[in-house]
>>> print(open('start-v8.pdb').read())   # PDB, C-alpha atoms, pLDDT in the B column
MODEL        1
ATOM      1  CA  MET A   1       0.000   0.000   0.000  1.00 49.00           C
ATOM      2  CA  SER A   2       1.331   3.442  -0.919  1.00 49.00           C
ATOM      3  CA  GLU A   3       2.098   6.151   1.599  1.00 52.00           C
ATOM      4  CA  VAL A   4      -0.855   8.096   0.193  1.00 60.00           C
ATOM      5  CA  ALA A   5      -3.076   5.175   1.165  1.00 77.00           C
ATOM      6  CA  ARG A   6      -1.366   4.939   4.576  1.00 92.00           C
ATOM      7  CA  PRO A   7      -1.811   8.482   5.890  1.00 97.00           C
ATOM      8  CA  LEU A   8      -0.834   7.555   9.460  1.00 98.00           C
ATOM      9  CA  SER A   9       2.587   6.133   8.577  1.00 97.00           C
ATOM     10  CA  GLY A  10       5.057   7.197  11.261  1.00 97.00           C
ATOM     11  CA  LYS A  11       2.266   7.975  13.732  1.00 98.00           C
ATOM     12  CA  VAL A  12       1.525   6.248  17.040  1.00 98.00           C
ATOM     13  CA  ALA A  13      -1.978   5.573  18.342  1.00 98.00           C
ATOM     14  CA  LEU A  14      -3.304   4.353  21.683  1.00 98.00           C
ATOM     15  CA  VAL A  15      -6.750   2.748  21.795  1.00 98.00           C
ATOM     16  CA  THR A  16      -8.484   2.039  25.109  1.00 98.00           C
ATOM     17  CA  GLY A  17     -11.095  -0.673  25.429  1.00 96.00           C
ATOM     18  CA  ALA A  18      -9.391  -2.459  22.543  1.00 97.00           C
ATOM     19  CA  SER A  19     -10.325  -6.023  23.468  1.00 94.00           C
ATOM     20  CA  SER A  20     -13.600  -6.045  21.517  1.00 94.00           C
ATOM     21  CA  GLY A  21     -16.110  -4.057  19.510  1.00 95.00           C
ATOM     22  CA  ILE A  22     -15.301  -0.521  18.404  1.00 97.00           C
ATOM     23  CA  GLY A  23     -11.886  -0.559  20.076  1.00 97.00           C
ATOM     24  CA  GLU A  24     -10.775  -3.719  18.317  1.00 97.00           C
ATOM     25  CA  ALA A  25     -12.029  -2.487  14.933  1.00 98.00           C
ATOM     26  CA  THR A  26     -10.366   0.897  15.484  1.00 98.00           C
ATOM     27  CA  ALA A  27      -7.003  -0.695  16.261  1.00 98.00           C
ATOM     28  CA  PHE A  28      -7.173  -2.559  12.951  1.00 97.00           C
ATOM     29  CA  ALA A  29      -8.289   0.515  11.015  1.00 98.00           C
ATOM     30  CA  LEU A  30      -5.533   2.713  12.438  1.00 98.00           C
ATOM     31  CA  ALA A  31      -2.942   0.020  11.743  1.00 98.00           C
ATOM     32  CA  GLU A  32      -4.180  -0.343   8.161  1.00 97.00           C
ATOM     33  CA  ALA A  33      -3.732   3.416   7.806  1.00 98.00           C
ATOM     34  CA  GLY A  34      -0.092   2.986   8.824  1.00 98.00           C
ATOM     35  CA  ALA A  35      -0.025   3.742  12.547  1.00 98.00           C
ATOM     36  CA  ALA A  36       1.856   1.820  15.197  1.00 98.00           C
ATOM     37  CA  VAL A  37      -0.800   0.865  17.730  1.00 98.00           C
ATOM     38  CA  ALA A  38      -0.865   0.447  21.505  1.00 98.00           C
ATOM     39  CA  ILE A  39      -3.908  -1.562  22.551  1.00 98.00           C
ATOM     40  CA  GLY A  40      -5.169  -1.372  26.122  1.00 98.00           C
ATOM     41  CA  ALA A  41      -7.853  -3.241  28.060  1.00 96.00           C
ATOM     42  CA  ARG A  42      -8.338  -5.451  31.101  1.00 91.00           C
ATOM     43  CA  ARG A  43      -8.903  -8.729  29.227  1.00 89.00           C
ATOM     44  CA  ARG A  44      -5.337  -9.728  28.445  1.00 90.00           C
ATOM     45  CA  ASP A  45      -6.260 -12.945  26.642  1.00 90.00           C
ATOM     46  CA  ARG A  46      -8.274 -11.025  24.072  1.00 93.00           C
ATOM     47  CA  LEU A  47      -5.572  -8.383  23.745  1.00 95.00           C
ATOM     48  CA  ASP A  48      -2.950 -11.029  23.052  1.00 95.00           C
ATOM     49  CA  GLY A  49      -5.113 -12.508  20.311  1.00 95.00           C
ATOM     50  CA  LEU A  50      -5.649  -9.087  18.767  1.00 96.00           C
ATOM     51  CA  ALA A  51      -1.937  -8.286  18.991  1.00 96.00           C
ATOM     52  CA  THR A  52      -1.107 -11.491  17.129  1.00 96.00           C
ATOM     53  CA  ARG A  53      -3.527 -10.661  14.332  1.00 96.00           C
ATOM     54  CA  LEU A  54      -2.218  -7.104  14.077  1.00 97.00           C
ATOM     55  CA  SER A  55       1.381  -8.300  13.980  1.00 96.00           C
ATOM     56  CA  ASP A  56       0.532 -10.897  11.352  1.00 97.00           C
ATOM     57  CA  ALA A  57      -0.912  -8.074   9.257  1.00 95.00           C
ATOM     58  CA  GLY A  58       2.386  -6.191   9.515  1.00 96.00           C
ATOM     59  CA  ALA A  59       1.531  -3.698  12.245  1.00 97.00           C
ATOM     60  CA  GLU A  60       3.810  -2.591  15.069  1.00 98.00           C
ATOM     61  CA  VAL A  61       1.835  -3.209  18.250  1.00 98.00           C
ATOM     62  CA  VAL A  62       2.194  -2.992  22.027  1.00 98.00           C
ATOM     63  CA  THR A  63      -0.256  -4.588  24.456  1.00 97.00           C
ATOM     64  CA  LEU A  64      -1.138  -2.747  27.642  1.00 98.00           C
ATOM     65  CA  ASP A  65      -2.803  -4.091  30.772  1.00 96.00           C
ATOM     66  CA  LEU A  66      -5.082  -1.102  31.213  1.00 98.00           C
ATOM     67  CA  ASP A  67      -7.843  -0.452  33.710  1.00 97.00           C
ATOM     68  CA  VAL A  68      -9.033   3.060  32.904  1.00 98.00           C
ATOM     69  CA  THR A  69     -10.685   3.416  36.310  1.00 98.00           C
ATOM     70  CA  ASP A  70      -7.173   3.380  37.822  1.00 98.00           C
ATOM     71  CA  GLU A  71      -5.386   6.689  37.270  1.00 98.00           C
ATOM     72  CA  ALA A  72      -1.936   5.129  37.710  1.00 98.00           C
ATOM     73  CA  SER A  73      -2.777   2.484  35.103  1.00 98.00           C
ATOM     74  CA  CYS A  74      -3.682   5.236  32.635  1.00 98.00           C
ATOM     75  CA  ARG A  75      -0.457   7.121  33.274  1.00 98.00           C
ATOM     76  CA  ASP A  76       1.526   3.919  32.818  1.00 98.00           C
ATOM     77  CA  ALA A  77      -0.256   3.090  29.551  1.00 98.00           C
ATOM     78  CA  VAL A  78       0.585   6.469  28.061  1.00 98.00           C
ATOM     79  CA  ALA A  79       4.177   6.302  29.311  1.00 98.00           C
ATOM     80  CA  ARG A  80       4.686   2.795  27.893  1.00 98.00           C
ATOM     81  CA  THR A  81       3.193   3.818  24.561  1.00 98.00           C
ATOM     82  CA  ARG A  82       5.642   6.682  24.277  1.00 98.00           C
ATOM     83  CA  SER A  83       8.664   4.701  25.453  1.00 98.00           C
ATOM     84  CA  GLU A  84       8.006   1.552  23.387  1.00 98.00           C
ATOM     85  CA  LEU A  85       6.563   3.076  20.222  1.00 98.00           C
ATOM     86  CA  GLY A  86       8.398   6.406  20.224  1.00 98.00           C
ATOM     87  CA  GLY A  87       5.584   8.854  20.800  1.00 98.00           C
ATOM     88  CA  LEU A  88       1.840   9.373  20.921  1.00 98.00           C
ATOM     89  CA  ASP A  89      -0.085  11.119  18.169  1.00 98.00           C
ATOM     90  CA  VAL A  90      -3.602   9.693  18.459  1.00 99.00           C
ATOM     91  CA  LEU A  91      -5.507   8.760  21.608  1.00 99.00           C
ATOM     92  CA  VAL A  92      -8.866   7.045  21.133  1.00 98.00           C
ATOM     93  CA  ASN A  93     -10.803   7.031  24.402  1.00 98.00           C
ATOM     94  CA  ASN A  94     -13.112   4.133  23.631  1.00 98.00           C
ATOM     95  CA  ALA A  95     -13.351   2.172  26.903  1.00 97.00           C
ATOM     96  CA  GLY A  96     -16.888   2.298  28.236  1.00 96.00           C
ATOM     97  CA  VAL A  97     -19.815   0.430  29.720  1.00 94.00           C
ATOM     98  CA  MET A  98     -23.541   0.797  29.010  1.00 92.00           C
ATOM     99  CA  LEU A  99     -25.466  -0.405  32.043  1.00 90.00           C
ATOM    100  CA  LEU A 100     -28.903   0.794  31.039  1.00 92.00           C
ATOM    101  CA  GLY A 101     -31.725   0.727  33.554  1.00 90.00           C
ATOM    102  CA  THR A 102     -34.223   2.803  35.448  1.00 94.00           C
ATOM    103  CA  ILE A 103     -33.040   5.218  38.110  1.00 95.00           C
ATOM    104  CA  VAL A 104     -35.804   4.065  40.450  1.00 96.00           C
ATOM    105  CA  GLY A 105     -34.770   0.709  41.857  1.00 94.00           C
ATOM    106  CA  ALA A 106     -31.280   0.868  40.395  1.00 94.00           C
ATOM    107  CA  ASP A 107     -28.138  -0.629  41.885  1.00 94.00           C
ATOM    108  CA  PRO A 108     -25.859   2.378  42.460  1.00 97.00           C
ATOM    109  CA  GLU A 109     -22.872   0.138  41.733  1.00 96.00           C
ATOM    110  CA  ASP A 110     -23.936   0.274  38.077  1.00 95.00           C
ATOM    111  CA  TRP A 111     -23.793   4.058  38.302  1.00 97.00           C
ATOM    112  CA  ARG A 112     -20.319   4.003  39.807  1.00 98.00           C
ATOM    113  CA  ARG A 113     -19.063   1.663  37.098  1.00 96.00           C
ATOM    114  CA  MET A 114     -20.377   3.916  34.344  1.00 97.00           C
ATOM    115  CA  VAL A 115     -19.068   7.144  35.823  1.00 98.00           C
ATOM    116  CA  ASP A 116     -15.702   5.617  36.734  1.00 98.00           C
ATOM    117  CA  THR A 117     -15.219   4.096  33.282  1.00 98.00           C
ATOM    118  CA  ASN A 118     -17.026   6.401  30.862  1.00 98.00           C
ATOM    119  CA  VAL A 119     -16.103   9.688  32.530  1.00 98.00           C
ATOM    120  CA  MET A 120     -13.182   9.402  34.935  1.00 98.00           C
ATOM    121  CA  GLY A 121     -11.360   6.827  32.802  1.00 98.00           C
ATOM    122  CA  LEU A 122     -11.559   9.075  29.765  1.00 98.00           C
ATOM    123  CA  MET A 123     -10.364  12.022  31.834  1.00 98.00           C
ATOM    124  CA  TYR A 124      -7.454  10.067  33.323  1.00 98.00           C
ATOM    125  CA  THR A 125      -6.077   8.968  29.947  1.00 98.00           C
ATOM    126  CA  THR A 126      -6.596  12.425  28.488  1.00 98.00           C
ATOM    127  CA  HIS A 127      -4.771  14.013  31.415  1.00 98.00           C
ATOM    128  CA  ALA A 128      -1.877  11.602  30.986  1.00 98.00           C
ATOM    129  CA  ALA A 129      -1.587  12.306  27.254  1.00 98.00           C
ATOM    130  CA  ILE A 130      -2.351  15.980  26.810  1.00 98.00           C
ATOM    131  CA  ASP A 131       0.829  17.623  28.103  1.00 98.00           C
ATOM    132  CA  GLY A 132       3.048  15.650  25.738  1.00 98.00           C
ATOM    133  CA  MET A 133       0.811  16.484  22.793  1.00 98.00           C
ATOM    134  CA  LEU A 134       0.922  20.162  23.669  1.00 98.00           C
ATOM    135  CA  GLU A 135       4.712  20.021  23.927  1.00 98.00           C
ATOM    136  CA  GLN A 136       4.984  18.527  20.443  1.00 97.00           C
ATOM    137  CA  GLY A 137       2.361  20.934  19.098  1.00 98.00           C
ATOM    138  CA  SER A 138       0.189  18.240  17.564  1.00 98.00           C
ATOM    139  CA  GLY A 139      -2.073  15.323  18.350  1.00 98.00           C
ATOM    140  CA  ASP A 140      -5.602  13.993  18.189  1.00 98.00           C
ATOM    141  CA  ILE A 141      -7.792  12.943  21.092  1.00 99.00           C
ATOM    142  CA  VAL A 142     -10.943  11.181  19.928  1.00 98.00           C
ATOM    143  CA  ASN A 143     -13.573  10.595  22.588  1.00 98.00           C
ATOM    144  CA  ILE A 144     -16.231   7.989  21.886  1.00 98.00           C
ATOM    145  CA  SER A 145     -19.556   9.332  23.089  1.00 98.00           C
ATOM    146  CA  SER A 146     -23.028   8.290  21.923  1.00 96.00           C
ATOM    147  CA  THR A 147     -26.355   9.509  20.677  1.00 94.00           C
ATOM    148  CA  ALA A 148     -27.165   9.065  24.380  1.00 93.00           C
ATOM    149  CA  GLY A 149     -25.062  12.183  24.939  1.00 96.00           C
ATOM    150  CA  ARG A 150     -27.664  14.156  23.000  1.00 93.00           C
ATOM    151  CA  THR A 151     -31.062  12.749  23.979  1.00 92.00           C
ATOM    152  CA  ALA A 152     -32.075  11.702  27.480  1.00 94.00           C
ATOM    153  CA  ARG A 153     -34.473   8.791  27.808  1.00 92.00           C
ATOM    154  CA  ALA A 154     -36.219   6.985  30.637  1.00 94.00           C
ATOM    155  CA  GLY A 155     -34.270   3.830  31.353  1.00 92.00           C
ATOM    156  CA  ALA A 156     -30.909   5.347  30.423  1.00 94.00           C
ATOM    157  CA  GLY A 157     -30.542   8.269  32.814  1.00 96.00           C
ATOM    158  CA  VAL A 158     -27.103   7.622  34.261  1.00 97.00           C
ATOM    159  CA  TYR A 159     -25.689   6.380  30.959  1.00 96.00           C
ATOM    160  CA  ASN A 160     -27.049   9.592  29.436  1.00 97.00           C
ATOM    161  CA  ALA A 161     -25.390  11.587  32.202  1.00 98.00           C
ATOM    162  CA  SER A 162     -22.028   9.916  31.609  1.00 98.00           C
ATOM    163  CA  LYS A 163     -22.089  10.647  27.887  1.00 98.00           C
ATOM    164  CA  TRP A 164     -23.268  14.218  28.360  1.00 98.00           C
ATOM    165  CA  ALA A 165     -20.267  14.635  30.655  1.00 98.00           C
ATOM    166  CA  VAL A 166     -17.982  13.338  27.902  1.00 98.00           C
ATOM    167  CA  ASN A 167     -19.426  15.853  25.467  1.00 98.00           C
ATOM    168  CA  ALA A 168     -19.031  18.779  27.867  1.00 98.00           C
ATOM    169  CA  PHE A 169     -15.495  17.787  28.873  1.00 98.00           C
ATOM    170  CA  SER A 170     -14.480  17.413  25.240  1.00 98.00           C
ATOM    171  CA  GLU A 171     -15.788  20.795  24.176  1.00 98.00           C
ATOM    172  CA  ALA A 172     -14.195  22.588  27.133  1.00 98.00           C
ATOM    173  CA  LEU A 173     -10.848  20.928  26.432  1.00 98.00           C
ATOM    174  CA  ARG A 174     -11.146  21.728  22.732  1.00 98.00           C
ATOM    175  CA  GLN A 175     -11.435  25.407  23.545  1.00 98.00           C
ATOM    176  CA  GLU A 176      -8.358  25.191  25.796  1.00 98.00           C
ATOM    177  CA  VAL A 177      -6.016  23.520  23.328  1.00 98.00           C
ATOM    178  CA  THR A 178      -7.245  24.019  19.773  1.00 97.00           C
ATOM    179  CA  ALA A 179      -4.981  26.999  19.094  1.00 98.00           C
ATOM    180  CA  ARG A 180      -1.988  24.938  20.243  1.00 98.00           C
ATOM    181  CA  GLY A 181      -2.195  22.272  17.558  1.00 97.00           C
ATOM    182  CA  VAL A 182      -4.095  19.541  19.423  1.00 98.00           C
ATOM    183  CA  ARG A 183      -7.470  18.478  18.045  1.00 98.00           C
ATOM    184  CA  ILE A 184     -10.271  17.181  20.277  1.00 98.00           C
ATOM    185  CA  SER A 185     -13.044  15.247  18.572  1.00 98.00           C
ATOM    186  CA  LEU A 186     -16.245  13.480  19.532  1.00 98.00           C
ATOM    187  CA  VAL A 187     -17.540  10.451  17.673  1.00 98.00           C
ATOM    188  CA  GLU A 188     -21.132   9.720  18.653  1.00 97.00           C
ATOM    189  CA  PRO A 189     -22.451   6.370  17.417  1.00 96.00           C
ATOM    190  CA  GLY A 190     -26.020   5.248  17.501  1.00 93.00           C
ATOM    191  CA  ALA A 191     -26.840   1.561  17.905  1.00 90.00           C
ATOM    192  CA  VAL A 192     -23.743  -0.584  17.296  1.00 91.00           C
ATOM    193  CA  GLU A 193     -23.614  -4.373  17.248  1.00 86.00           C
ATOM    194  CA  THR A 194     -21.264  -4.969  20.202  1.00 80.00           C
ATOM    195  CA  GLU A 195     -21.345  -6.896  23.470  1.00 71.00           C
ATOM    196  CA  LEU A 196     -22.241  -3.806  25.554  1.00 71.00           C
ATOM    197  CA  ARG A 197     -25.912  -4.775  25.780  1.00 72.00           C
ATOM    198  CA  LEU A 198     -25.008  -8.165  27.213  1.00 73.00           C
ATOM    199  CA  HIS A 199     -23.541  -6.553  30.351  1.00 74.00           C
ATOM    200  CA  ILE A 200     -26.762  -4.778  31.386  1.00 82.00           C
ATOM    201  CA  THR A 201     -27.784  -5.974  34.840  1.00 81.00           C
ATOM    202  CA  GLN A 202     -31.477  -4.941  34.966  1.00 77.00           C
ATOM    203  CA  PRO A 203     -33.361  -7.776  33.212  1.00 77.00           C
ATOM    204  CA  GLU A 204     -36.085  -5.563  31.739  1.00 80.00           C
ATOM    205  CA  ALA A 205     -33.576  -3.026  30.450  1.00 76.00           C
ATOM    206  CA  LYS A 206     -31.448  -5.772  28.915  1.00 77.00           C
ATOM    207  CA  ALA A 207     -34.429  -7.305  27.156  1.00 79.00           C
ATOM    208  CA  ALA A 208     -35.522  -3.901  25.843  1.00 76.00           C
ATOM    209  CA  ALA A 209     -32.029  -3.096  24.546  1.00 73.00           C
ATOM    210  CA  LEU A 210     -31.752  -6.423  22.750  1.00 76.00           C
ATOM    211  CA  ALA A 211     -35.211  -6.030  21.216  1.00 75.00           C
ATOM    212  CA  HIS A 212     -34.357  -2.502  20.081  1.00 72.00           C
ATOM    213  CA  SER A 213     -31.214  -3.673  18.308  1.00 73.00           C
ATOM    214  CA  GLU A 214     -33.007  -6.583  16.654  1.00 77.00           C
ATOM    215  CA  GLY A 215     -35.476  -4.172  15.083  1.00 74.00           C
ATOM    216  CA  MET A 216     -32.894  -2.392  12.955  1.00 82.00           C
ATOM    217  CA  ARG A 217     -29.758  -2.820  10.888  1.00 91.00           C
ATOM    218  CA  SER A 218     -27.268  -1.748  13.555  1.00 91.00           C
ATOM    219  CA  LEU A 219     -23.893  -0.221  12.848  1.00 93.00           C
ATOM    220  CA  ARG A 220     -20.906  -2.534  12.786  1.00 96.00           C
ATOM    221  CA  PRO A 221     -17.822  -1.624  14.824  1.00 97.00           C
ATOM    222  CA  GLU A 222     -15.954  -1.155  11.548  1.00 98.00           C
ATOM    223  CA  ASP A 223     -18.392   1.599  10.558  1.00 97.00           C
ATOM    224  CA  VAL A 224     -17.408   3.615  13.614  1.00 98.00           C
ATOM    225  CA  ALA A 225     -13.720   2.837  13.101  1.00 98.00           C
ATOM    226  CA  ARG A 226     -13.872   4.363   9.616  1.00 98.00           C
ATOM    227  CA  ALA A 227     -15.298   7.548  11.098  1.00 98.00           C
ATOM    228  CA  ILE A 228     -12.417   7.705  13.586  1.00 98.00           C
ATOM    229  CA  VAL A 229      -9.819   7.254  10.849  1.00 98.00           C
ATOM    230  CA  TYR A 230     -11.515  10.014   8.859  1.00 98.00           C
ATOM    231  CA  VAL A 231     -11.253  12.375  11.818  1.00 98.00           C
ATOM    232  CA  VAL A 232      -7.562  11.788  12.519  1.00 98.00           C
ATOM    233  CA  THR A 233      -6.377  11.856   8.896  1.00 98.00           C
ATOM    234  CA  GLN A 234      -7.525  15.372   8.097  1.00 98.00           C
ATOM    235  CA  PRO A 235      -4.904  18.040   7.233  1.00 97.00           C
ATOM    236  CA  PRO A 236      -3.499  19.844  10.297  1.00 96.00           C
ATOM    237  CA  HIS A 237      -5.615  22.938   9.665  1.00 97.00           C
ATOM    238  CA  VAL A 238      -8.855  20.911   9.633  1.00 98.00           C
ATOM    239  CA  ALA A 239     -10.516  19.883  12.899  1.00 98.00           C
ATOM    240  CA  VAL A 240     -13.528  17.583  12.697  1.00 98.00           C
ATOM    241  CA  ASN A 241     -14.839  18.198  16.186  1.00 98.00           C
ATOM    242  CA  GLU A 242     -17.980  16.095  16.081  1.00 98.00           C
ATOM    243  CA  VAL A 243     -19.210  13.107  14.063  1.00 98.00           C
ATOM    244  CA  LEU A 244     -22.695  11.687  14.650  1.00 97.00           C
ATOM    245  CA  VAL A 245     -23.134   8.229  13.095  1.00 97.00           C
ATOM    246  CA  ARG A 246     -26.513   6.513  13.303  1.00 96.00           C
ATOM    247  CA  PRO A 247     -27.866   3.412  11.607  1.00 95.00           C
ATOM    248  CA  THR A 248     -30.091   4.442   8.731  1.00 94.00           C
ATOM    249  CA  ASP A 249     -32.966   2.692  10.527  1.00 91.00           C
ATOM    250  CA  GLN A 250     -32.516   4.579  13.814  1.00 90.00           C
ATOM    251  CA  GLU A 251     -34.968   7.431  14.321  1.00 85.00           C
ATOM    252  CA  ARG A 252     -33.455   9.044  17.433  1.00 81.00           C
TER     253      ARG A 252
ENDMDL
END
>>> encode(input="start-v8.pdb", output="structure tokens")
Amino acid sequence: MSEVARPLSGKVALVTGASSGIGEATAFALAEAGAAVAIGARRRDRLDGLATRLSDAGAEVVTLDLDVTDEASCRDAVARTRSELGGLDVLVNNAGVMLLGTIVGADPEDWRRMVDTNVMGLMYTTHAAIDGMLEQGSGDIVNISSTAGRTARAGAGVYNASKWAVNAFSEALRQEVTARGVRISLVEPGAVETELRLHITQPEAKAAALAHSEGMRSLRPEDVARAIVYVVTQPPHVAVNEVLVRPTDQER
């Protein structure tokens, strides 16, 4: 493949939540575009399998035992990426959980898991990466949000809250750093065919989420990955700050 077709040649990317779904597809897409890729998640067996497939495809890859709810783990992941791959140009904050359910009768542990992962985890990795990007005068931070960050619904209140927080944090950071060469972008998918729905703990909410996805042609993780590659391969003077990607069949 030519360098024109590999626009991220010489670049280094770190993808959180890379063991499945959007994260896994994004790691492949960034590698196909020429980037060296650091892949982070808690499930080391899945990471090792992904690393083997990436290496077999010719990519330079580093695996990271990463728990984004642990600030020290996030700092270590960024430091290892820079030391082992020679830098950090693209951070994709993908790690997240979607524990849908009513607020009334909820288990607050579900709330803590969502806020710790979807909000604090994203903030921890961003905090670990941003200073180095500012020093080099370039970089992309892509935060994976959701259509749930735009429209609140009964049965998704705390998930909505976590994604609205991601949107607000991203826009505030964008205003801080955009004139210093670092681009902050949101990618907001609608319904995606991933395992997130399977982790929902409220039985009624889980059943409703599965039924909702069965009623439409959901996005594939690769569809979202293509949007991410589009964002990070724009010329330096172009910042794509927000990409909303819904299935054609999804009304809201």
>>> atom_distance(input="start-v8.pdb", atom1="CA of Asp56 (chain A)", atom2="CA of Arg80 (chain A)")
21.9 Å
>>> residues_near_point(input="start-v8.pdb", point="(-11.6, 10.0, 28.1)", cutoff="10 Å", atoms="all atoms listed in the file", output="list of chain:residue names")
A:Thr16, A:Val68, A:Leu91, A:Val92, A:Asn93, A:Asn94, A:Ala95, A:Gly96, A:Thr117, A:Asn118, A:Val119, A:Met120, A:Gly121, A:Leu122, A:Met123, A:Tyr124, A:Thr125, A:Thr126, A:His127, A:Ile141, A:Val142, A:Asn143, A:Ile144, A:Ser145, A:Val166, A:Phe169, A:Ser170
>>> resolve_selection(input="start-v8.pdb", expression="the PyMOL selection byres ((chain A and resi 89) around 10)", output="ChimeraX atom specification")
/A:8,10-14,35-36,82,86-88,90-91,129,132-133,136,138-141,182,232
>>> write_last_selection(input="start-v8.pdb", atoms="C-alpha atoms", output="CSV table (one decimal), in the frame of the given file")
chain,number,residue,atom,x,y,z
A,8,LEU,CA,-0.8,7.6,9.5
A,10,GLY,CA,5.1,7.2,11.3
A,11,LYS,CA,2.3,8.0,13.7
A,12,VAL,CA,1.5,6.2,17.0
A,13,ALA,CA,-2.0,5.6,18.3
A,14,LEU,CA,-3.3,4.4,21.7
A,35,ALA,CA,0.0,3.7,12.5
A,36,ALA,CA,1.9,1.8,15.2
A,82,ARG,CA,5.6,6.7,24.3
A,86,GLY,CA,8.4,6.4,20.2
A,87,GLY,CA,5.6,8.9,20.8
A,88,LEU,CA,1.8,9.4,20.9
A,90,VAL,CA,-3.6,9.7,18.5
A,91,LEU,CA,-5.5,8.8,21.6
A,129,ALA,CA,-1.6,12.3,27.3
A,132,GLY,CA,3.0,15.6,25.7
A,133,MET,CA,0.8,16.5,22.8
A,136,GLN,CA,5.0,18.5,20.4
A,138,SER,CA,0.2,18.2,17.6
A,139,GLY,CA,-2.1,15.3,18.4
A,140,ASP,CA,-5.6,14.0,18.2
A,141,ILE,CA,-7.8,12.9,21.1
A,182,VAL,CA,-4.1,19.5,19.4
A,232,VAL,CA,-7.6,11.8,12.5
>>> atom_distance(input="start-v8.pdb", atom1="CA of Gly181 (chain A)", atom2="CA of Pro236 (chain A)")
7.8 Å
>>> resolve_selection(input="start-v8.pdb", expression="the PyMOL selection byres ((chain A and resi 61) around 12)", output="PDB file with C-alpha atoms, in the coordinates of the input")
ATOM      1  CA  VAL A  12       1.525   6.248  17.040  1.00 98.00           C
ATOM      2  CA  ALA A  13      -1.978   5.573  18.342  1.00 98.00           C
ATOM      3  CA  LEU A  14      -3.304   4.353  21.683  1.00 98.00           C
ATOM      4  CA  VAL A  15      -6.750   2.748  21.795  1.00 98.00           C
ATOM      5  CA  ALA A  27      -7.003  -0.695  16.261  1.00 98.00           C
ATOM      6  CA  PHE A  28      -7.173  -2.559  12.951  1.00 97.00           C
ATOM      7  CA  LEU A  30      -5.533   2.713  12.438  1.00 98.00           C
ATOM      8  CA  ALA A  31      -2.942   0.020  11.743  1.00 98.00           C
ATOM      9  CA  GLY A  34      -0.092   2.986   8.824  1.00 98.00           C
ATOM     10  CA  ALA A  35      -0.025   3.742  12.547  1.00 98.00           C
ATOM     11  CA  ALA A  36       1.856   1.820  15.197  1.00 98.00           C
ATOM     12  CA  VAL A  37      -0.800   0.865  17.730  1.00 98.00           C
ATOM     13  CA  ALA A  38      -0.865   0.447  21.505  1.00 98.00           C
ATOM     14  CA  ILE A  39      -3.908  -1.562  22.551  1.00 98.00           C
ATOM     15  CA  GLY A  40      -5.169  -1.372  26.122  1.00 98.00           C
ATOM     16  CA  LEU A  47      -5.572  -8.383  23.745  1.00 95.00           C
ATOM     17  CA  ASP A  48      -2.950 -11.029  23.052  1.00 95.00           C
ATOM     18  CA  GLY A  49      -5.113 -12.508  20.311  1.00 95.00           C
ATOM     19  CA  LEU A  50      -5.649  -9.087  18.767  1.00 96.00           C
ATOM     20  CA  ALA A  51      -1.937  -8.286  18.991  1.00 96.00           C
ATOM     21  CA  THR A  52      -1.107 -11.491  17.129  1.00 96.00           C
ATOM     22  CA  ARG A  53      -3.527 -10.661  14.332  1.00 96.00           C
ATOM     23  CA  LEU A  54      -2.218  -7.104  14.077  1.00 97.00           C
ATOM     24  CA  SER A  55       1.381  -8.300  13.980  1.00 96.00           C
ATOM     25  CA  ASP A  56       0.532 -10.897  11.352  1.00 97.00           C
ATOM     26  CA  ALA A  57      -0.912  -8.074   9.257  1.00 95.00           C
ATOM     27  CA  GLY A  58       2.386  -6.191   9.515  1.00 96.00           C
ATOM     28  CA  ALA A  59       1.531  -3.698  12.245  1.00 97.00           C
ATOM     29  CA  GLU A  60       3.810  -2.591  15.069  1.00 98.00           C
ATOM     30  CA  VAL A  62       2.194  -2.992  22.027  1.00 98.00           C
ATOM     31  CA  THR A  63      -0.256  -4.588  24.456  1.00 97.00           C
ATOM     32  CA  LEU A  64      -1.138  -2.747  27.642  1.00 98.00           C
ATOM     33  CA  ARG A  80       4.686   2.795  27.893  1.00 98.00           C
ATOM     34  CA  THR A  81       3.193   3.818  24.561  1.00 98.00           C
ATOM     35  CA  GLU A  84       8.006   1.552  23.387  1.00 98.00           C
ATOM     36  CA  LEU A  85       6.563   3.076  20.222  1.00 98.00           C
ATOM     37  CA  GLY A  86       8.398   6.406  20.224  1.00 98.00           C
TER      38      GLY A  86
END
>>> atom_distance(input="start-v8.pdb", atom1="CA of Thr194 (chain A)", atom2="CA of Pro221 (chain A)")
7.2 Å
>>> residues_around(input="start-v8.pdb", residues="Met98 (chain A)", least_positions_apart="2", cutoff="7 Å", atoms="all atoms listed in the file", output="PyMOL selection string")
chain A and resi 96+100+114+159+196-197+200
>>> resolve_selection(input="start-v8.pdb", expression="the PyMOL selection byres ((chain A and resi 247) around 12)", output="list in words")
Thr147, Glu188, Pro189, Gly190, Ala191, Val192, Glu193, Ser213, Gly215, Met216, Arg217, Ser218, Leu219, Arg220, Pro221, Asp223, Val224, Leu244, Val245, Arg246, Thr248, Asp249, Gln250, Glu251 and Arg252 of chain A
>>> closest_residue(input="start-v8.pdb", among="A:Arg226, A:His237, A:Arg75, A:Arg43", to="Ala179 (chain A)", atoms="all atoms listed in the file")
A:His237
>>> closest_residue(input="start-v8.pdb", among="A:Val97, A:Ala156, A:Ala207, A:Ala227", to="Leu186 (chain A)", atoms="only C-alpha atoms")
A:Ala227
>>> closest_residue(input="start-v8.pdb", among="A:Arg153, A:Arg46, A:His199, A:Arg180", to="Asp110 (chain A)", atoms="only C-alpha atoms")
A:His199
>>> closest_residue(input="start-v8.pdb", among="A:Ala33, A:Ile184, A:Ala205, A:Ile130", to="Val238 (chain A)", atoms="all atoms listed in the file")
A:Ile184
>>> closest_residue(input="start-v8.pdb", among="A:Val158, A:His212, A:Val231, A:Ala239", to="Glu109 (chain A)", atoms="all atoms listed in the file")
A:Val158
>>> closest_residue(input="start-v8.pdb", among="A:Ala148, A:Ala225, A:Asn167, A:Leu173", to="Ala18 (chain A)", atoms="all atoms listed in the file")
A:Ala225
